[in-house]
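Enquirer: If you scroll down you'll find the structure; I have some questions about it.
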Amino acid sequence: MTAQAPLLIHVIAALIGAVYLAWRFQRIQVSPALGGMIGAAAGAVGSAIFMLPLNYCTFESERSLIDAVFGVLLIGIGMALVVLPVDALIRSVVMRRRNPNMGGTAQAGAFKGWLLPIVFLAPTLIVLTLFLYYPSLDTFRLSTLLARLGARRTLFVCVDNFTSLVSDGDYLNSFVITIFISAAIVVLGLALALGIALLAYQPIKGARIYRTLLIWPYAISPVVAGVIFLLLFNPTGGIVNYALDNVFGIKIGWLNDPTAAPWAVIIASVWKSLGYNILFYIAGLQNVSKDIREAASIDGANVAQRFFSVVLPLLSPITFFLVITNMTYAFFETFGTIDYLTGGGPLNSTSTLMYNIYEVGITNNDLGKAAAQSIVLFALVIGLTVVQFRTSGNRVNYGA
Amino acid sequence: MRKSFLFVVLAAMLALAVIPAFAQETVDVPVWIAFTDENRLGWAQDRAVEYNEMFPQYNVTVEGYANYEELFASTALAAEQGTLPAVVQYFEVATQDARDSGYFKPIAEAIGDRTDINGIAVNFDDFVGPVREYYTIDGVFTSMPWNTSSAIYFSNMTILDAAGVDTPPTTWAEIDAACELVMALETAPEYCWTFPNHGWFFEQWIAQQDEQFANNGNGREERATEVSINNDGSVALLTFLDEQLAKGYLYYSGAQGGDSWGTVDQAFSTQQVAMAAYSSSDTATYTNVGTDNGFEVVASFLPYNEVTGWTGNLIGGASLWLVDGLSTEVEDGALGFLLSINSTENAAAWHQLTGYIAVTTSANELLTEQGWFEENPNFSVAADQLAQSTITTATSGAIIGAFPSIRSVVTQAVDTALLTDEPVADVLAAAQEDANTVLEEYNLLNAE
């Protein structure tokens, strides 16, 4: 790599930033020249966010093409991280100037000084900094190293930990597994919970007792759920296979057959989260106004029509909320269940992204690769949440 | 009245303030071991209590961790934070990591020229040959032997007798022959036999065939730089296991590493299998589970590949390592405890309780005198197997870095060989490549 190359990167980034912001400024009728200047600065700073700590290593001549591509991607992300917020900030300032009434008078309850709010926020901020922000930032540092706990030294390996994931069959496999297991947990879990909630919210004798009994699995930790189902699903001595054998004459290798094992995890996880989902659905069902249902029934809607056209749409805020919480649960909290039930096996068929990080980082003591994987997972979850809010958020009916 | 009450309170406070001052005279000696069961952790804690009563100046506390792998990780973490205990139980595969880490001090070095620690005699010559050799690294007696075992074979003789098999199988072919008879029984168990998919069994079975696990004399002459797990012995082993599974003889639970032990316990104790390869560490449990449930359990040598013959088996288990950089008082307290745990009576009792071999000659003499081995033949199998083993580079066992991580590569390979149709040789070739990457990375970070 020549000495001018870093400079070249920033010049190009500044140009792109300048052109982009100039264009944006023109659209809101502000001087494009000002936009160009701010954009150039933002682009240059953004392109340096990842490249300075990495010391431009991705563009060294001995590195492979994929490293360079990844480097360009990092520059792009870095620029987006600076240029887009700058754009949004300036737009909102301009809009407020032009239209002072728009959301401008929310000052009534604001603090006068800056010290008092900081003092009030300090306990939370200190805890977050120590236990969340600092470790998160350190994860980025770790992800560029070859590091083992207890080793004499660490080695800087640039972005190898990331780019090696592309050709890592086990890792790609765990993507598919995670998507499959998560989708199944969300779909089955919500469908089952809604079905049970429909029965449990009926005003019958002892409803409170039934509801309490239905909700208790939620109080159990994922680890205990794993142990309970480990006993139930045991291929030779488990009660599930005993029952299946007696009734249907079949036995399923719940824990030692790679096609059945994901289902063991799914069933255990659905059971574990069922109480929580039922709780929310019962609350949601109780909020569906009787009048609307009566009106629908006077208009001649039958039971199924009333459910699918009236109740279900009115439950959509709850469903949306549950989809997000269940997705998070499926991604992160099934770990304990998987660890005790299958340990990621057989044939890695239950090794989700989260479990894979544990295997790589703790079992195999390969801290750098685990850090890289957790950053990828972090980015994925952010992306997923944004997509969920953008897409399903619009169609959610929050009622009148 | 008031005054006297105040006086009592003051006196009580004074007393409370003074008692800890006396209590501080004792020296804390924390010991971390990888057992949580009442049997083994409880026994070690009882020994600590005894020791503390004998030497009130020390306060030895024994803390249990779920398994070797977890203790290994916790130790590395504690070292990072400067909170290492005085003694850690490390398993045999962590030897290279222990050496490279610099956490530990060789026992012989800590003892120096002394012939006793606080009156407890030092006698390394009392340790039985293979054990003493195994824990002597670079000519120095390094860690204190405690739970030493070997892989052996347990047979449910009640089932085997019914099938017309008089003696436990000694070779792979005999396993196959016995299984044919067992599975033909009208009351046949669900499967014929099982083993824990733990790296240790792979190592045992290839060492029997005199195949090395790593280069540079299994890592004993010089730091190992490459593993050699793709060899004729391992191909034969995985082919054999795969065939046994295909025939419906072998039960494979799908659990790997530390999780695999429990699945074998469960299958054998509920008589879902007639035979199981296992560690001699649980000879007592396995023998008793038969007695309690009305079947006879016989222990025998781990069956070997009849084509290559039997060279010998590896020692397994763990030893107690002394942490480096302790104060003299803590170090002496720890050394005294390490010596007392292997006193003749303790070594014998530990063996009887578990099935780990009695590590000292005097303990073996005591047990023989008491007629223990005559009454309990299962308990001499592991020691006999080790005594009859030919010591070669292969049967000495490998010393390589990142061994715990490499073991998980090996168990994954066994998993893949058993559950897919991929040719065994391909599976092993891929595993060898993966393991070499791990070893190479380890050496990059640790080699001088």
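Within each chain, counting starts at residue 1; across the structure tokens, chains are named A, B, ... in the order shown, with ligands numbered 1 upward in that order.
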With only C-alpha atoms considered, list every residue of chain B at most 10 Å from chain A, as a PyMOL selection string.

Expert: chain B and resi 69-70+73+75-80+97-98+100-103+190-191+251-257+259+263+266-267+270-273+402-409+412-420+438+441-448

Enquirer: Can you spit out the residues from that selection as a PDB file, in the first residue's frame, using C-alpha atoms?

Expert:
ATOM      1  CA  GLU B  69     -13.827 -27.843  31.082  1.00  0.00           C
ATOM      2  CA  GLU B  70     -15.628 -25.315  33.252  1.00  0.00           C
ATOM      3  CA  ALA B  73     -12.136 -21.749  31.894  1.00  0.00           C
ATOM      4  CA  THR B  75      -9.073 -20.731  36.260  1.00  0.00           C
ATOM      5  CA  ALA B  76      -7.979 -18.763  33.193  1.00  0.00           C
ATOM      6  CA  LEU B  77     -10.503 -16.086  34.123  1.00  0.00           C
ATOM      7  CA  ALA B  78      -9.353 -16.011  37.748  1.00  0.00           C
ATOM      8  CA  ALA B  79      -5.735 -15.680  36.613  1.00  0.00           C
ATOM      9  CA  GLU B  80      -6.701 -12.707  34.477  1.00  0.00           C
ATOM     10  CA  ASP B  97      -1.802 -25.080  28.756  1.00  0.00           C
ATOM     11  CA  ALA B  98      -0.802 -25.336  32.413  1.00  0.00           C
ATOM     12  CA  ASP B 100       2.493 -22.335  29.081  1.00  0.00           C
ATOM     13  CA  SER B 101       0.297 -20.318  31.390  1.00  0.00           C
ATOM     14  CA  GLY B 102       2.857 -20.076  34.161  1.00  0.00           C
ATOM     15  CA  TYR B 103       0.070 -20.205  36.754  1.00  0.00           C
ATOM     16  CA  GLU B 190     -32.875 -51.661  23.116  1.00  0.00           C
ATOM     17  CA  TYR B 191     -29.237 -51.447  22.077  1.00  0.00           C
ATOM     18  CA  TYR B 251     -26.447 -46.518  21.092  1.00  0.00           C
ATOM     19  CA  TYR B 252     -25.241 -42.988  20.349  1.00  0.00           C
ATOM     20  CA  SER B 253     -26.966 -40.401  22.536  1.00  0.00           C
ATOM     21  CA  GLY B 254     -25.848 -37.401  20.497  1.00  0.00           C
ATOM     22  CA  ALA B 255     -24.252 -35.795  23.562  1.00  0.00           C
ATOM     23  CA  GLN B 256     -20.610 -34.767  23.313  1.00  0.00           C
ATOM     24  CA  GLY B 257     -17.776 -34.066  25.733  1.00  0.00           C
ATOM     25  CA  ASP B 259     -22.392 -33.932  28.637  1.00  0.00           C
ATOM     26  CA  THR B 263     -26.258 -40.358  28.900  1.00  0.00           C
ATOM     27  CA  GLN B 266     -28.595 -43.568  32.205  1.00  0.00           C
ATOM     28  CA  ALA B 267     -28.549 -46.162  29.401  1.00  0.00           C
ATOM     29  CA  THR B 270     -31.670 -48.722  33.130  1.00  0.00           C
ATOM     30  CA  GLN B 271     -30.405 -51.785  31.172  1.00  0.00           C
ATOM     31  CA  GLN B 272     -31.166 -50.177  27.818  1.00  0.00           C
ATOM     32  CA  VAL B 273     -27.708 -51.403  26.834  1.00  0.00           C
ATOM     33  CA  ALA B 402      -5.479 -26.116  23.221  1.00  0.00           C
ATOM     34  CA  PHE B 403      -6.192 -29.815  23.798  1.00  0.00           C
ATOM     35  CA  PRO B 404      -9.660 -29.169  25.246  1.00  0.00           C
ATOM     36  CA  SER B 405     -10.607 -27.281  22.054  1.00  0.00           C
ATOM     37  CA  ILE B 406      -9.085 -29.998  19.875  1.00  0.00           C
ATOM     38  CA  ARG B 407     -11.120 -32.578  21.761  1.00  0.00           C
ATOM     39  CA  SER B 408     -14.304 -30.858  20.706  1.00  0.00           C
ATOM     40  CA  VAL B 409     -13.106 -31.020  17.086  1.00  0.00           C
ATOM     41  CA  GLN B 412     -17.609 -33.391  16.289  1.00  0.00           C
ATOM     42  CA  ALA B 413     -15.833 -35.676  13.830  1.00  0.00           C
ATOM     43  CA  VAL B 414     -17.150 -38.776  15.593  1.00  0.00           C
ATOM     44  CA  ASP B 415     -20.612 -37.191  15.573  1.00  0.00           C
ATOM     45  CA  THR B 416     -20.383 -36.514  11.829  1.00  0.00           C
ATOM     46  CA  ALA B 417     -19.034 -39.975  11.037  1.00  0.00           C
ATOM     47  CA  LEU B 418     -21.891 -41.616  12.948  1.00  0.00           C
ATOM     48  CA  LEU B 419     -24.757 -39.439  11.764  1.00  0.00           C
ATOM     49  CA  THR B 420     -23.925 -38.846   8.098  1.00  0.00           C
ATOM     50  CA  VAL B 438      -6.611 -24.450  16.411  1.00  0.00           C
ATOM     51  CA  GLU B 441      -3.305 -20.415  16.533  1.00  0.00           C
ATOM     52  CA  TYR B 442      -2.565 -21.613  20.046  1.00  0.00           C
ATOM     53  CA  ASN B 443       1.141 -21.924  19.289  1.00  0.00           C
ATOM     54  CA  LEU B 444       1.217 -18.502  17.646  1.00  0.00           C
ATOM     55  CA  LEU B 445      -0.005 -17.015  20.898  1.00  0.00           C
ATOM     56  CA  ASN B 446       1.931 -19.189  23.324  1.00  0.00           C
ATOM     57  CA  ALA B 447       5.163 -20.557  21.852  1.00  0.00           C
ATOM     58  CA  GLU B 448       8.341 -18.858  22.979  1.00  0.00           C
TER      59      GLU B 448
END

Enquirer: Quick one: residues within 7 Å of Ala207 in chain B, only C-alpha atoms counted, chain neighbours fewer than 3 positions away excluded, as a PyMOL selection string?

Expert: chain B and resi 203-204+210-212+312-313+394-395

Enquirer: Emit the selected residues as a PDB file, in the first residue's frame, including C-alpha atoms.

Expert:
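Result file is part-v4.pdb:
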ATOM      1  CA  GLU B 203      -7.545 -41.123  22.253  1.00  0.00           C
ATOM      2  CA  GLN B 204      -7.694 -44.432  24.144  1.00  0.00           C
ATOM      3  CA  ASP B 210      -0.061 -47.537  18.885  1.00  0.00           C
ATOM      4  CA  GLU B 211      -1.046 -44.509  16.824  1.00  0.00           C
ATOM      5  CA  GLN B 212       0.170 -41.087  17.896  1.00  0.00           C
ATOM      6  CA  GLY B 312      -1.721 -50.295  25.945  1.00  0.00           C
ATOM      7  CA  ASN B 313      -4.022 -47.662  27.360  1.00  0.00           C
ATOM      8  CA  ALA B 394       1.529 -43.326  21.708  1.00  0.00           C
ATOM      9  CA  THR B 395       0.429 -44.860  25.008  1.00  0.00           C
TER      10      THR B 395
END

Enquirer: Can you build me a table of range 171-227 of chain A residues sitting at most 8 Å from range 277-296 of chain A, with the closest atom pair per residue and its distance in Å to one decimal, using only C-alpha atoms, sorted by chain and residue number, as CSV?

Expert:
residue,atom,partner,partner_atom,distance
A:Gly189,CA,A:Asn277,CA,7.6
A:Leu190,CA,A:Asn277,CA,6.7
A:Ala193,CA,A:Ile278,CA,4.9
A:Leu194,CA,A:Tyr281,CA,6.1
A:Ile196,CA,A:Ile278,CA,6.9
A:Ala197,CA,A:Ile282,CA,5.3
A:Leu198,CA,A:Ile282,CA,7.3
A:Ala200,CA,A:Ile282,CA,7.4
A:Tyr201,CA,A:Ile282,CA,5.7
A:Leu214,CA,A:Ile278,CA,7.7
A:Ile215,CA,A:Leu279,CA,6.8

Enquirer: Store the residues picked out above in a file with N, CA and C atoms, as a PDB file, in the first residue's frame.

Expert:
ATOM      1  N   GLY A 189     -45.622 -20.597  18.785  1.00  0.00           N
ATOM      2  CA  GLY A 189     -45.853 -20.060  20.123  1.00  0.00           C
ATOM      3  C   GLY A 189     -47.050 -19.128  20.139  1.00  0.00           C
ATOM      4  N   LEU A 190     -47.119 -18.221  19.155  1.00  0.00           N
ATOM      5  CA  LEU A 190     -48.216 -17.252  19.157  1.00  0.00           C
ATOM      6  C   LEU A 190     -49.543 -17.914  18.804  1.00  0.00           C
ATOM      7  N   ALA A 193     -50.675 -19.915  21.791  1.00  0.00           N
ATOM      8  CA  ALA A 193     -51.047 -19.035  22.899  1.00  0.00           C
ATOM      9  C   ALA A 193     -52.396 -18.384  22.637  1.00  0.00           C
ATOM     10  N   LEU A 194     -52.616 -17.959  21.401  1.00  0.00           N
ATOM     11  CA  LEU A 194     -53.894 -17.313  21.081  1.00  0.00           C
ATOM     12  C   LEU A 194     -55.034 -18.315  21.234  1.00  0.00           C
ATOM     13  N   ILE A 196     -55.178 -20.965  23.168  1.00  0.00           N
ATOM     14  CA  ILE A 196     -55.441 -21.238  24.579  1.00  0.00           C
ATOM     15  C   ILE A 196     -56.072 -20.020  25.249  1.00  0.00           C
ATOM     16  N   ALA A 197     -55.597 -18.826  24.875  1.00  0.00           N
ATOM     17  CA  ALA A 197     -56.145 -17.609  25.477  1.00  0.00           C
ATOM     18  C   ALA A 197     -57.626 -17.465  25.154  1.00  0.00           C
ATOM     19  N   LEU A 198     -58.005 -17.843  23.924  1.00  0.00           N
ATOM     20  CA  LEU A 198     -59.412 -17.769  23.532  1.00  0.00           C
ATOM     21  C   LEU A 198     -60.271 -18.629  24.447  1.00  0.00           C
ATOM     22  N   ALA A 200     -59.258 -19.627  27.551  1.00  0.00           N
ATOM     23  CA  ALA A 200     -59.063 -19.294  28.971  1.00  0.00           C
ATOM     24  C   ALA A 200     -59.710 -17.980  29.372  1.00  0.00           C
ATOM     25  N   TYR A 201     -60.020 -17.115  28.399  1.00  0.00           N
ATOM     26  CA  TYR A 201     -60.601 -15.847  28.837  1.00  0.00           C
ATOM     27  C   TYR A 201     -62.115 -15.920  28.965  1.00  0.00           C
ATOM     28  N   LEU A 214     -51.929 -21.920  33.651  1.00  0.00           N
ATOM     29  CA  LEU A 214     -51.412 -21.800  32.293  1.00  0.00           C
ATOM     30  C   LEU A 214     -50.165 -20.916  32.225  1.00  0.00           C
ATOM     31  N   ILE A 215     -50.069 -20.020  33.181  1.00  0.00           N
ATOM     32  CA  ILE A 215     -49.013 -19.019  33.082  1.00  0.00           C
ATOM     33  C   ILE A 215     -47.716 -19.467  33.758  1.00  0.00           C
TER      34      ILE A 215
END

Enquirer: Give me the residues within 8 Å of Pro85 in chain B as a list in words, counting only C-alpha atoms and dropping any in the same chain fewer than 6 places off.

Expert: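 That gives Val29, Pro30, Val31, Trp32 and Val323 of chain B.
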
Enquirer: Take the residues from that selection and put them in a file with C-alpha atoms, as a short mmCIF file (atom, residue, chain, number, x, y, z; two decimals), in the first residue's frame.

Expert:
data_model
loop_
_atom_site.label_atom_id
_atom_site.label_comp_id
_atom_site.auth_asym_id
_atom_site.auth_seq_id
_atom_site.Cartn_x
_atom_site.Cartn_y
_atom_site.Cartn_z
CA VAL B 29 -6.07 -22.18 51.47
CA PRO B 30 -8.73 -22.32 48.74
CA VAL B 31 -8.83 -25.49 46.63
CA TRP B 32 -10.85 -25.76 43.39
CA VAL B 323 -0.51 -22.13 42.13
#

Enquirer: State, in Å with one decimal place, the distance from CA of Glu433 in chain B to CA of Asp138 in chain B.

Expert: 29.2 Å

Enquirer: Work out how far CA of Gly371 in chain B is from CA of Thr170 in chain B, in Å to one decimal.

Expert: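 That distance, rounded to one decimal, is 26.3 Å.
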
Enquirer: Considering only C-alpha atoms, return as a VMD selection string whatever protein or nucleic-acid residues lie within 9 Å of Leu54 in chain A, sequence-local ones (same chain, fewer than 3 positions apart) excluded.

Expert: chain A and resid 50 to 51 57 to 58 144 158 to 159

Enquirer: Would you output that residue set with C-alpha atoms, as a PDB file, in the first residue's frame?

Expert:
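Saved result, part-v9.pdb, follows:
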ATOM      1  CA  PHE A  50     -13.175   2.178  11.373  1.00  0.00           C
ATOM      2  CA  MET A  51     -10.122   2.756   9.213  1.00  0.00           C
ATOM      3  CA  CYS A  57      -5.006  -2.882   7.081  1.00  0.00           C
ATOM      4  CA  THR A  58      -7.783  -4.142   4.806  1.00  0.00           C
ATOM      5  CA  THR A 144      -9.577  -7.747  15.318  1.00  0.00           C
ATOM      6  CA  CYS A 158      -7.115  -7.182  10.830  1.00  0.00           C
ATOM      7  CA  VAL A 159     -10.604  -8.294   9.741  1.00  0.00           C
TER       8      VAL A 159
END

Enquirer: Run DSSP on the backbone and tell me which residues of range 137-337 of chain B come out as strand (DSSP E); list them as a ChimeraX atom specification.

Expert: /B:137,140-141,144-149,151-156,193-194,250-251,275-279,297-301,316-323

Enquirer: Please identify the alpha helix (DSSP H) residues within range 137-370 of chain A (assignment by DSSP from backbone atoms) and present them as JSON, numbers by chain.

Expert: {"A": [137, 138, 139, 140, 141, 142, 160, 161, 162, 163, 169, 170, 171, 172, 173, 174, 175, 176, 177, 178, 179, 180, 181, 182, 183, 184, 185, 186, 187, 188, 189, 190, 191, 192, 193, 194, 195, 196, 197, 198, 199, 200, 207, 208, 209, 210, 211, 212, 213, 214, 215, 222, 223, 224, 225, 226, 227, 228, 229, 230, 231, 232, 233, 239, 240, 241, 242, 243, 244, 245, 246, 247, 248, 261, 262, 263, 264, 265, 266, 267, 268, 269, 270, 271, 272, 273, 274, 275, 276, 277, 278, 279, 280, 281, 282, 283, 284, 285, 286, 287, 290, 291, 292, 293, 294, 295, 296, 297, 298, 303, 304, 305, 312, 313, 314, 316, 317, 318, 319, 320, 321, 322, 323, 324, 325, 326, 327, 328, 335, 336, 337, 338, 339, 340, 341, 353, 354, 355, 356, 357, 358, 367, 368, 369, 370]}

Enquirer: Write out as a PyMOL selection string the residues lying within 9 Å of Gly355 in chain B, counting only C-alpha atoms and excluding same-chain residues fewer than 3 positions away.

Expert: chain B and resi 149+279-285+350-352+358+378-380+382

Enquirer: Write to file, as a tab-separated table (two decimals), in the first residue's frame, the residues of the selection just made, with N, CA and C atoms.

Expert:
chain	number	residue	atom	x	y	z
B	149	SER	N	-7.33	-42.50	36.39
B	149	SER	CA	-8.23	-43.55	35.92
B	149	SER	C	-7.77	-44.03	34.55
B	279	SER	N	-15.24	-44.65	32.11
B	279	SER	CA	-14.03	-44.42	32.89
B	279	SER	C	-14.07	-45.29	34.14
B	280	SER	N	-12.89	-45.75	34.56
B	280	SER	CA	-12.83	-46.55	35.78
B	280	SER	C	-13.18	-45.69	37.00
B	281	SER	N	-13.26	-44.38	36.80
B	281	SER	CA	-13.58	-43.48	37.91
B	281	SER	C	-14.89	-43.85	38.59
B	282	ASP	N	-15.81	-44.48	37.83
B	282	ASP	CA	-17.12	-44.76	38.38
B	282	ASP	C	-17.35	-46.25	38.60
B	283	THR	N	-16.24	-46.98	38.81
B	283	THR	CA	-16.36	-48.42	39.03
B	283	THR	C	-17.33	-48.71	40.18
B	284	ALA	N	-17.22	-47.94	41.25
B	284	ALA	CA	-18.09	-48.18	42.41
B	284	ALA	C	-19.56	-47.98	42.03
B	285	THR	N	-19.84	-46.87	41.36
B	285	THR	CA	-21.22	-46.58	40.97
B	285	THR	C	-21.76	-47.65	40.04
B	350	TRP	N	-10.22	-43.33	49.00
B	350	TRP	CA	-10.63	-42.64	47.76
B	350	TRP	C	-10.86	-43.66	46.66
B	351	HIS	N	-9.95	-44.65	46.58
B	351	HIS	CA	-10.10	-45.70	45.57
B	351	HIS	C	-11.37	-46.50	45.82
B	352	GLN	N	-11.61	-46.86	47.07
B	352	GLN	CA	-12.78	-47.68	47.37
B	352	GLN	C	-14.08	-46.94	47.12
B	358	ALA	N	-5.72	-46.68	43.16
B	358	ALA	CA	-5.01	-46.30	44.38
B	358	ALA	C	-3.61	-45.89	43.94
B	378	ASN	N	-13.64	-56.00	40.20
B	378	ASN	CA	-13.81	-54.89	39.27
B	378	ASN	C	-12.83	-53.75	39.55
B	379	PHE	N	-12.44	-53.62	40.81
B	379	PHE	CA	-11.63	-52.47	41.22
B	379	PHE	C	-10.17	-52.59	40.84
B	380	SER	N	-9.72	-53.79	40.42
B	380	SER	CA	-8.30	-53.90	40.05
B	380	SER	C	-8.10	-53.79	38.55
B	382	ALA	N	-8.59	-51.36	36.23
B	382	ALA	CA	-7.91	-50.18	35.68
B	382	ALA	C	-6.41	-50.22	35.99

Enquirer: Fewer than 3 positions away in the same chain doesn't count, so skip those; otherwise give me all residues within 8 Å of Tyr278 in chain B, counting only C-alpha atoms, as a PyMOL selection string.

Expert: chain B and resi 151-154+195-196+282

Enquirer: Produce a file of the selected residues containing C-alpha atoms, as an mmCIF file, in the first residue's frame.

Expert:
data_model
loop_
_atom_site.group_PDB
_atom_site.id
_atom_site.type_symbol
_atom_site.label_atom_id
_atom_site.label_comp_id
_atom_site.auth_asym_id
_atom_site.auth_seq_id
_atom_site.Cartn_x
_atom_site.Cartn_y
_atom_site.Cartn_z
ATOM 1 C CA ALA B 151 -10.981 -46.252 30.136
ATOM 2 C CA ILE B 152 -12.464 -49.680 30.803
ATOM 3 C CA TYR B 153 -15.490 -51.738 29.779
ATOM 4 C CA PHE B 154 -18.524 -52.605 31.871
ATOM 5 C CA PHE B 195 -19.709 -45.200 24.893
ATOM 6 C CA PRO B 196 -19.410 -41.525 25.838
ATOM 7 C CA ASP B 282 -17.124 -44.759 38.384
#

Enquirer: To one decimal place in Å, what is the distance between CA of Val128 in chain B and CA of Ile357 in chain B?

Expert: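 Going from CA of Val128 in chain B over to CA of Ile357 in chain B covers 9.8 Å.
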
Enquirer: Just checking: using only C-alpha atoms, which residue out of B:Glu180, B:Glu63, B:Glu221, B:Asp232 ends up closest to Val424 in chain B?

Expert: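 Nearest candidate to Val424 in chain B out of B:Glu180, B:Glu63, B:Glu221, B:Asp232: B:Asp232.
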